[in-house]
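Quick look at query-v3.cif (mmCIF, C-alpha atoms):
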```
data_final
#
loop_
_atom_site.label_atom_id
_atom_site.label_comp_id
_atom_site.auth_asym_id
_atom_site.auth_seq_id
_atom_site.Cartn_x
_atom_site.Cartn_y
_atom_site.Cartn_z
CA MET A 1 -0.88 -7.86 -20.29
CA ASP A 2 -1.26 -9.01 -16.67
CA ASN A 3 -4.40 -10.66 -15.31
CA GLY A 4 -5.71 -7.44 -13.73
CA ALA A 5 -5.43 -5.56 -17.01
CA GLU A 6 -7.23 -8.34 -18.86
CA CYS A 7 -10.02 -8.42 -16.26
CA TYR A 8 -10.35 -4.64 -16.41
CA ARG A 9 -10.58 -4.74 -20.20
CA LYS A 10 -13.37 -7.35 -19.91
CA PHE A 11 -15.11 -5.21 -17.29
CA LEU A 12 -15.03 -2.19 -19.59
CA GLU A 13 -16.57 -4.38 -22.29
CA GLY A 14 -19.51 -5.17 -19.96
CA ASP A 15 -18.43 -8.22 -17.94
CA ASN A 16 -19.17 -7.12 -14.35
CA ASP A 17 -17.84 -10.42 -12.96
CA SER A 18 -14.37 -9.30 -14.02
CA LEU A 19 -14.52 -6.41 -11.56
CA THR A 20 -15.31 -8.92 -8.82
CA ILE A 21 -12.14 -10.80 -9.75
CA ILE A 22 -10.11 -7.57 -9.62
CA ILE A 23 -11.50 -6.74 -6.19
CA ARG A 24 -10.78 -10.25 -4.90
CA ASP A 25 -7.22 -10.23 -6.23
CA TYR A 26 -6.18 -6.72 -5.18
CA LYS A 27 -8.33 -5.71 -2.20
CA ASP A 28 -6.17 -7.00 0.67
CA GLY A 29 -2.86 -5.78 -0.71
CA LEU A 30 -4.28 -2.36 -1.58
CA MET A 31 -5.90 -2.03 1.84
CA LEU A 32 -2.67 -2.91 3.64
CA TYR A 33 -0.75 -0.42 1.49
CA LEU A 34 -3.29 2.32 2.22
CA TYR A 35 -3.17 1.41 5.90
CA ARG A 36 0.59 1.96 5.87
CA PHE A 37 -0.12 5.32 4.22
CA THR A 38 -2.91 6.45 6.58
CA ASN A 39 -2.19 4.61 9.85
CA ASP A 40 -5.95 4.11 10.21
CA ILE A 41 -7.49 0.79 9.18
CA PHE A 42 -10.98 2.24 8.86
CA ILE A 43 -9.84 5.01 6.54
CA ALA A 44 -7.80 2.46 4.57
CA GLU A 45 -10.90 0.28 4.18
CA ASP A 46 -12.93 3.27 2.99
CA LEU A 47 -10.22 4.35 0.55
CA THR A 48 -9.90 0.81 -0.80
CA GLU A 49 -13.64 0.73 -1.37
CA ASP A 50 -13.52 4.20 -2.95
CA THR A 51 -10.80 3.00 -5.33
CA PHE A 52 -12.99 0.18 -6.62
CA VAL A 53 -16.07 2.43 -6.71
CA LYS A 54 -14.06 4.82 -8.88
CA LEU A 55 -13.22 1.97 -11.24
CA TYR A 56 -16.89 1.03 -11.43
CA THR A 57 -18.39 4.50 -11.80
CA LYS A 58 -15.74 6.55 -13.62
CA ARG A 59 -14.20 3.69 -15.63
CA PRO A 60 -10.84 5.46 -16.01
CA LYS A 61 -8.72 4.53 -19.01
CA PHE A 62 -5.87 2.12 -18.33
CA SER A 63 -3.11 3.03 -20.77
CA ALA A 64 -0.81 0.08 -19.93
CA LYS A 65 2.17 2.42 -19.38
CA SER A 66 2.68 0.47 -16.16
CA SER A 67 1.31 -2.75 -14.72
CA PHE A 68 -2.35 -2.79 -13.77
CA LYS A 69 -1.41 -3.18 -10.11
CA THR A 70 0.83 -0.10 -10.24
CA TRP A 71 -1.97 1.89 -11.86
CA LEU A 72 -4.53 0.68 -9.29
CA TYR A 73 -2.28 1.49 -6.32
CA ALA A 74 -1.63 4.96 -7.76
CA ILE A 75 -5.39 5.57 -7.90
CA GLY A 76 -5.69 4.46 -4.27
CA ARG A 77 -2.78 6.66 -3.20
CA ASN A 78 -4.24 9.66 -5.00
CA LEU A 79 -7.54 9.13 -3.17
CA ALA A 80 -5.58 8.92 0.11
CA LEU A 81 -3.79 12.19 -0.70
CA ASP A 82 -7.14 13.85 -1.45
CA HIS A 83 -8.50 12.53 1.84
CA ARG A 84 -5.44 13.82 3.72
CA ARG A 85 -5.94 17.30 2.23
CA LYS A 86 -9.63 17.36 3.14
CA HIS A 87 -9.35 15.70 6.57
CA PRO A 88 -6.18 16.20 8.58
CA PHE A 89 -5.31 12.90 10.22
CA LEU A 90 -6.10 12.34 13.82
CA LYS A 91 -3.18 11.03 15.79
CA ILE A 92 -3.93 7.70 17.45
CA SER A 93 -1.56 5.58 19.42
CA LEU A 94 0.19 2.72 17.72
CA ASP A 95 -0.78 0.42 20.60
CA ALA A 96 -4.43 1.12 19.87
CA CYS A 97 -3.86 0.20 16.22
CA ARG A 98 -2.15 -3.05 17.12
CA ASN A 99 -5.08 -4.07 19.29
CA MET A 100 -7.68 -3.56 16.57
CA LYS A 101 -9.07 -6.86 15.38
CA ASP A 102 -9.26 -5.73 11.74
CA VAL A 103 -5.58 -4.78 11.65
CA THR A 104 -4.53 -8.12 13.08
CA ASP A 105 -6.70 -10.01 10.60
CA ILE A 106 -5.29 -8.17 7.58
CA GLU A 107 -1.68 -8.37 8.70
CA ALA A 108 -1.99 -12.02 9.73
CA ALA A 109 -2.55 -12.90 6.08
CA TYR A 110 0.71 -11.14 5.13
CA GLU A 111 2.86 -11.76 8.15
CA LYS A 112 2.90 -15.42 9.06
CA THR A 113 6.13 -15.64 11.02
CA GLU A 114 7.31 -14.02 14.23
CA ARG A 115 10.16 -12.33 12.37
CA ASN A 116 7.77 -10.61 10.01
CA ALA A 117 5.67 -9.47 12.96
CA GLN A 118 8.74 -7.85 14.53
CA LEU A 119 9.54 -6.20 11.23
CA SER A 120 5.99 -4.89 10.98
CA LYS A 121 6.22 -3.44 14.48
CA ALA A 122 9.39 -1.58 13.51
CA LEU A 123 7.66 -0.25 10.37
CA TYR A 124 5.01 1.45 12.52
CA ASN A 125 7.68 3.70 13.95
CA LEU A 126 8.88 4.94 10.55
CA LYS A 127 7.76 8.02 8.66
CA SER A 128 4.84 7.50 6.29
CA ASP A 129 6.96 7.76 3.11
CA TYR A 130 9.42 5.22 4.52
CA ARG A 131 6.64 2.76 5.35
CA GLN A 132 5.13 3.23 1.91
CA ILE A 133 8.30 2.65 -0.08
CA LEU A 134 9.32 -0.38 1.96
CA HIS A 135 5.84 -1.84 1.56
CA LEU A 136 5.72 -1.21 -2.18
CA VAL A 137 9.18 -2.61 -2.93
CA TYR A 138 9.56 -5.46 -0.44
CA ILE A 139 6.03 -6.60 0.30
CA GLU A 140 4.24 -5.86 -2.97
CA GLY A 141 7.30 -6.42 -5.16
CA PHE A 142 7.05 -3.21 -7.18
CA SER A 143 10.14 -1.99 -9.00
CA ILE A 144 11.75 1.38 -8.27
CA GLU A 145 10.11 2.80 -11.40
CA GLU A 146 6.65 1.45 -10.53
CA SER A 147 6.97 2.70 -6.96
CA GLY A 148 7.90 6.11 -8.34
CA ARG A 149 4.77 6.18 -10.47
CA ILE A 150 2.61 5.24 -7.49
CA MET A 151 4.21 7.78 -5.15
CA GLY A 152 4.59 10.50 -7.78
CA LYS A 153 8.39 10.68 -7.49
CA SER A 154 11.32 10.16 -9.84
CA SER A 155 13.34 6.94 -9.79
CA LYS A 156 16.26 8.83 -8.25
CA GLN A 157 14.03 10.20 -5.48
CA ILE A 158 12.63 6.72 -4.85
CA GLY A 159 16.14 5.24 -4.72
CA ASN A 160 17.19 7.84 -2.16
CA LEU A 161 13.96 7.38 -0.20
CA LEU A 162 14.44 3.61 -0.18
CA TYR A 163 18.02 4.00 1.07
CA ARG A 164 16.90 6.30 3.91
CA ALA A 165 13.93 4.06 4.73
CA LYS A 166 16.15 0.97 5.02
CA LYS A 167 18.60 2.88 7.19
CA SER A 168 15.78 4.07 9.44
CA LEU A 169 14.29 0.56 9.61
CA ARG A 170 17.68 -0.88 10.52
CA SER A 171 17.90 1.63 13.36
CA GLU A 172 14.39 0.73 14.59
CA LEU A 173 15.16 -2.98 14.49
CA GLU A 174 18.41 -2.46 16.38
CA LYS A 175 16.45 -0.64 19.11
CA GLU A 176 14.45 -3.85 19.48
CA GLY A 177 17.63 -5.92 19.61
CA ILE A 178 17.21 -7.31 16.08
CA TYR A 179 20.20 -7.11 13.77
CA ASN A 180 19.94 -7.75 10.07
CA GLU A 181 22.98 -7.36 7.86
CA LYS A 182 20.80 -7.51 4.70
CA LEU A 183 19.35 -4.04 5.39
#
```
Re-express the file's structure as structure tokens.
Amino acid sequence: MDNGAECYRKFLEGDNDSLTIIIRDYKDGLMLYLYRFTNDIFIAEDLTEDTFVKLYTKRPKFSAKSSFKTWLYAIGRNLALDHRRKHPFLKISLDACRNMKDVTDIEAAYEKTERNAQLSKALYNLKSDYRQILHLVYIEGFSIEESGRIMGKSSKQIGNLLYRAKKSLRSELEKEGIYNEKL
């Protein structure tokens, strides 16, 4: 049982401080993932908050069929999908997103080197599913199976999506004059 699952179990037993620990440990990563999904930092913040509010109010059952983090990210993604159905996304320019203070603060915690910043810039130009799978696998460290559970796809679909996402990312990086043989 991972730390998040243990804290959630304690929370369900009445220890509200355990939810605070969960929020502290998972908030930034979940928000960045939801930002990659929505392309809007303010919506991502709201969805992150909604995810934790859902834990607090609905107290959904964690069955331990996956890691706690996988389960939590799937809840967040489902809320994002619901939001997308109810509110079609407004298109905003990527330059405007890059200039937002909140975006820079969140990404600065994750992207400490210039190389990672260039990689992040290339990610902005990818399709939403490509950004999501690359974020889940390479930034969050989820397995193919866990990523499939979060995104609601089979392992085979995730493997194919990851292949296409890496190919697309390679192409974006090459446009910027960056070549990486590992992709």
Expressed in Å to a single decimal, how great is the separation between CA of Ile22 in chain A and CA of Tyr8 in chain A? 7.4 Å
Which residues, named as in the file, does the PyMOL selection byres ((chain A and resi 132) around 9) pick out? Answer as a list in words.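 Taken over the shown coordinates, the PyMOL selection byres ((chain A and resi 132) around 9) returns Tyr33, Leu34, Arg36, Phe37, Lys127, Ser128, Asp129, Tyr130, Arg131, Ile133, Leu134, His135, Leu136, Val137 and Met151 of chain A.
Remark: for Gly148 in chain A, the closest of the candidate residues A:Ile21, A:Leu119, A:Ala74, A:Ile41 is A:Ala74 (distances computed over all atoms listed in the file).
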For Glu145 in chain A, which residue among A:Asp15, A:Thr70, A:Gly76, A:Lys121 is the nearest when counting only C-alpha atoms? A:Thr70
Return as an MDAnalysis selection string the set of residues that the PyMOL selection byres ((chain A and resi 83-89) around 12) yields on the displayed structure. chainID A and resid 34 37:40 43:44 46:47 50 76:82 90:92
Using only C-alpha atoms, which residues sit within 9 Å of Leu126 in chain A once same-chain residues fewer than 4 positions away are excluded, as an mmCIF file with C-alpha atoms, in the frame of the given file?
```
data_model
loop_
_atom_site.group_PDB
_atom_site.id
_atom_site.type_symbol
_atom_site.label_atom_id
_atom_site.label_comp_id
_atom_site.auth_asym_id
_atom_site.auth_seq_id
_atom_site.Cartn_x
_atom_site.Cartn_y
_atom_site.Cartn_z
ATOM 1 C CA ALA A 122 9.390 -1.580 13.510
ATOM 2 C CA TYR A 130 9.420 5.220 4.520
ATOM 3 C CA ARG A 131 6.640 2.760 5.350
ATOM 4 C CA ALA A 165 13.930 4.060 4.730
ATOM 5 C CA SER A 168 15.780 4.070 9.440
ATOM 6 C CA LEU A 169 14.290 0.560 9.610
ATOM 7 C CA GLU A 172 14.390 0.730 14.590
#
```
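Reported to one decimal place, the separation of CA of Leu162 in chain A from CA of Ile178 in chain A is 19.8 Å.
The nearest approach to Phe142 in chain A among the residues A:Tyr56, A:Tyr163, A:Phe68, A:Tyr124, with only C-alpha atoms taken into account, belongs to A:Phe68.
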Point-to-point distance in Å for CA of Ser143 in chain A and CA of Asn125 in chain A: 23.8 Å
